[in-house]
Amino acid sequence: MKLSPLMTAALLGIASLQAAQAQGQDTLAKIDKDNKITLAYRESSVPFSYLEAPGKPIGFAVELSNAVVAEVKKQLNKPNLEVALMPVTSQNRIPLLTNGTIDLECGSTTNNTARGKDVAFAINHFYTGTRALVKKSSNIKDWADLKGKKVAITTGTTNMLVVRKYNEEKKLDLDIIGTKDHADALLLVESDRAAAFPMDDILLFGLKANAKDPASLEVVGEALQVEPYACMLRKDDPKFKALVDGVFTGLMKSGEFEKMYAKWFMGPIPPKNQAIGLPMSKELKDNLKALSDKPAT
């Protein structure tokens with residue numbers, strides 16, 4: 001059935017209204033009423049949020065989400081609160097949050113001013129920059145070596161914007177291929193259908209550690225920028241933001257956050273029990289004291 005322009009406009013208007021209503025709602029009241037909190041997870045954002053088995057996400061950001069759930073159960077006095085899990089992608093994570101489908105998204109999401117117009121962010125929990133994953137056999141060592149080549153980038157990420165801008169400035173004539181998720185971009189590099197996968201360096205190290213042949217891959221190039229990661233929640237909901245920030249503040253001040261970091265970034269992680277081996281950055285160490293939710297520009 002083909003919708004008339006009037007019907008299409010009406011449906012879009014309803015969707016916009018629903019999103020606006022969801023944005024202004026009290027998340028804690030919603031969770032209390034539904035007796036359910038819905039958490040988002042990523043399927044291949046190693047080591048933040050990724051699948052150990054079908055429907056079973058694990059990772060550093062998953063543990064942050066679980067800490068929030070524990071506090072929600074405590075504040076609402078609902079020890080048996082239902083916890084629903086929903087996979088999201090770079091493209092749909094913000095719409096699913098703003099329309100009320102999910103209540104919290106902790107993954108590998110950059111906190112920046114553009115996204116801050118639609119969502120709120122908790123205290124920053126990581127800092128990263130855009131580099132490139134390539135095959136060692138390609139002899140690609142820096143961005144200039146990618147001139148005229150195909151690169152795969154996950155659609156809906158800030159990395160896509162950063163690389164497009166850099167491509168124009170440096171006149172690299174890159175052939176940029178958009179992919180659904182990080183695992184798809186990695187596959188294009190592994191199968192020689194793309195020369196590189198530009199992405200947040202930590203995600204590249206995580207994907208490399210769990211790749212079919214980690215020794216054949218390497219992360220190259222200077223970081224094009226430094227950006228913070230933070231958990232997303234709905235805008236204009238100070239009560240829920242205070243709860244989430246309170247949880248993270250407690251973890252950071254108690255030393256528990258550093259233990260979690262050591263577990264996921266320094267020690268062996270599933271499924272291959274390979275260690276990423278990435279010490280905490282100066283920016284993150286500083287933020288354990290500053291407790292800032294300051295966005296990237």
# chains A, B, ... in the order shown; residues from 1 in each chain; ligands from 1

call {"tool": "residues_around", "arguments": {"residues": "Ala242 in chain A", "least_positions_apart": "4", "cutoff": "12 Å", "atoms": "only C-alpha atoms", "output": "list in words"}}
result
Thr27, Leu28, Val68, Glu71, Val72, Ala120, Phe121, Ala122, Ile123, Leu233, Asp236, Asp237, Pro238, Gly246, Val247, Phe248, Thr249, Gly250 and Asp293 of chain A

call {"tool": "select_by_dssp", "arguments": {"residues": "range 22-90 of chain A", "states": "strand (DSSP E or B)", "output": "list in words"}}
result
Lys36, Ile37, Thr38, Leu39, Ala40, Tyr41, Ser44, Ser45, Ser49, Tyr50, Leu51, Glu52, Ala53, Lys56, Pro57, Ile58, Glu82, Val83, Ala84, Leu85, Met86 and Pro87 of chain A

call {"tool": "write_last_selection", "arguments": {"atoms": "C-alpha atoms", "output": "PDB file, in the first residue's frame"}}
result
ATOM      1  CA  LYS A  36      11.819  -3.600  33.376  1.00  0.00           C
ATOM      2  CA  ILE A  37      15.005  -1.838  32.312  1.00  0.00           C
ATOM      3  CA  THR A  38      16.240  -2.271  28.740  1.00  0.00           C
ATOM      4  CA  LEU A  39      19.986  -2.147  28.144  1.00  0.00           C
ATOM      5  CA  ALA A  40      21.598  -1.775  24.742  1.00  0.00           C
ATOM      6  CA  TYR A  41      24.679  -3.741  23.749  1.00  0.00           C
ATOM      7  CA  SER A  44      31.536  -6.502  18.188  1.00  0.00           C
ATOM      8  CA  SER A  45      32.867  -3.506  20.164  1.00  0.00           C
ATOM      9  CA  SER A  49      30.509  -4.683  24.556  1.00  0.00           C
ATOM     10  CA  TYR A  50      30.608  -7.818  22.423  1.00  0.00           C
ATOM     11  CA  LEU A  51      29.141 -11.292  22.190  1.00  0.00           C
ATOM     12  CA  GLU A  52      30.673 -14.229  24.032  1.00  0.00           C
ATOM     13  CA  ALA A  53      27.780 -16.377  22.760  1.00  0.00           C
ATOM     14  CA  LYS A  56      25.229 -13.033  25.750  1.00  0.00           C
ATOM     15  CA  PRO A  57      27.089  -9.704  25.724  1.00  0.00           C
ATOM     16  CA  ILE A  58      30.196  -9.217  27.860  1.00  0.00           C
ATOM     17  CA  GLU A  82      13.538  -7.582  34.693  1.00  0.00           C
ATOM     18  CA  VAL A  83      16.652  -6.743  32.681  1.00  0.00           C
ATOM     19  CA  ALA A  84      16.049  -6.832  28.916  1.00  0.00           C
ATOM     20  CA  LEU A  85      18.947  -6.767  26.455  1.00  0.00           C
ATOM     21  CA  MET A  86      18.803  -5.310  22.947  1.00  0.00           C
ATOM     22  CA  PRO A  87      21.545  -5.278  20.287  1.00  0.00           C
TER      23      PRO A  87
END

call {"tool": "closest_residue", "arguments": {"among": "A:Ser281, A:Thr154, A:Thr128, A:Ser254", "to": "Asp201 in chain A", "atoms": "only C-alpha atoms"}}
result
A:Thr128

call {"tool": "closest_residue", "arguments": {"among": "A:Pro271, A:Gly107, A:Pro79, A:Pro95", "to": "Ala61 in chain A", "atoms": "only C-alpha atoms"}}
result
A:Gly107

call {"tool": "select_by_dssp", "arguments": {"residues": "range 77-263 of chain A", "states": "alpha helix (DSSP H)", "output": "VMD selection string"}}
result
chain A and resid 93 to 98 158 to 170 182 to 190 201 to 209 238 to 254 256 to 261

call {"tool": "closest_atom_pairs", "arguments": {"of": "range 173-200 of chain A", "to": "range 131-149 of chain A", "cutoff": "10 Å", "atoms": "only C-alpha atoms", "output": "CSV"}}
result
residue,atom,partner,partner_atom,distance
A:Asp173,CA,A:Gly148,CA,4.9
A:Leu174,CA,A:Gly148,CA,5.0
A:Asp175,CA,A:Lys149,CA,5.9
A:Ile176,CA,A:Lys149,CA,8.5
A:Ala185,CA,A:Leu133,CA,9.8
A:Leu186,CA,A:Leu133,CA,8.1
A:Val189,CA,A:Val134,CA,6.7
A:Glu190,CA,A:Lys135,CA,7.3
A:Ser191,CA,A:Lys135,CA,9.9
A:Asp192,CA,A:Lys135,CA,8.6
A:Ala194,CA,A:Lys149,CA,7.6
A:Ala195,CA,A:Val134,CA,6.3
A:Ala196,CA,A:Val134,CA,4.8
A:Phe197,CA,A:Leu133,CA,5.0
A:Pro198,CA,A:Ala132,CA,4.1
A:Met199,CA,A:Arg131,CA,5.9
A:Asp200,CA,A:Arg131,CA,6.3

call {"tool": "atom_distance", "arguments": {"atom1": "CA of Cys231 in chain A", "atom2": "CA of Leu104 in chain A"}}
result
7.1 Å

call {"tool": "atom_distance", "arguments": {"atom1": "CA of Pro279 in chain A", "atom2": "CA of Glu256 in chain A"}}
result
15.8 Å

call {"tool": "residues_around", "arguments": {"residues": "Val162 in chain A", "least_positions_apart": "3", "cutoff": "8 Å", "atoms": "only C-alpha atoms", "output": "list in words"}}
result
Thr130, Thr158, Asn159, Lys165, Tyr166 and Leu224 of chain A

call {"tool": "write_last_selection", "arguments": {"atoms": "N, CA and C atoms", "output": "CSV table (one decimal), in the first residue's frame"}}
result
chain,number,residue,atom,x,y,z
A,130,THR,N,41.1,8.0,16.2
A,130,THR,CA,41.0,7.2,14.9
A,130,THR,C,42.3,6.8,14.3
A,158,THR,N,31.5,8.5,14.3
A,158,THR,CA,32.2,9.8,14.2
A,158,THR,C,33.5,9.6,13.3
A,159,ASN,N,34.0,8.3,13.2
A,159,ASN,CA,35.2,8.0,12.4
A,159,ASN,C,34.9,8.3,11.0
A,165,LYS,N,36.7,14.1,6.3
A,165,LYS,CA,37.3,15.4,6.4
A,165,LYS,C,38.8,15.4,6.1
A,166,TYR,N,39.4,14.4,6.7
A,166,TYR,CA,40.9,14.2,6.5
A,166,TYR,C,41.2,13.9,5.0
A,224,LEU,N,44.0,10.6,14.5
A,224,LEU,CA,43.5,11.8,13.8
A,224,LEU,C,42.9,12.8,14.8

call {"tool": "atom_distance", "arguments": {"atom1": "CA of Ile269 in chain A", "atom2": "CA of Asn111 in chain A"}}
result
25.7 Å

call {"tool": "residues_around", "arguments": {"residues": "Glu227 in chain A", "least_positions_apart": "5", "cutoff": "7 Å", "atoms": "only C-alpha atoms", "output": "PyMOL selection string"}}
result
chain A and resi 110+127-129+296

call {"tool": "closest_residue", "arguments": {"among": "A:Lys212, A:Lys235, A:Lys259, A:His125", "to": "Lys294 in chain A", "atoms": "only C-alpha atoms"}}
result
A:His125
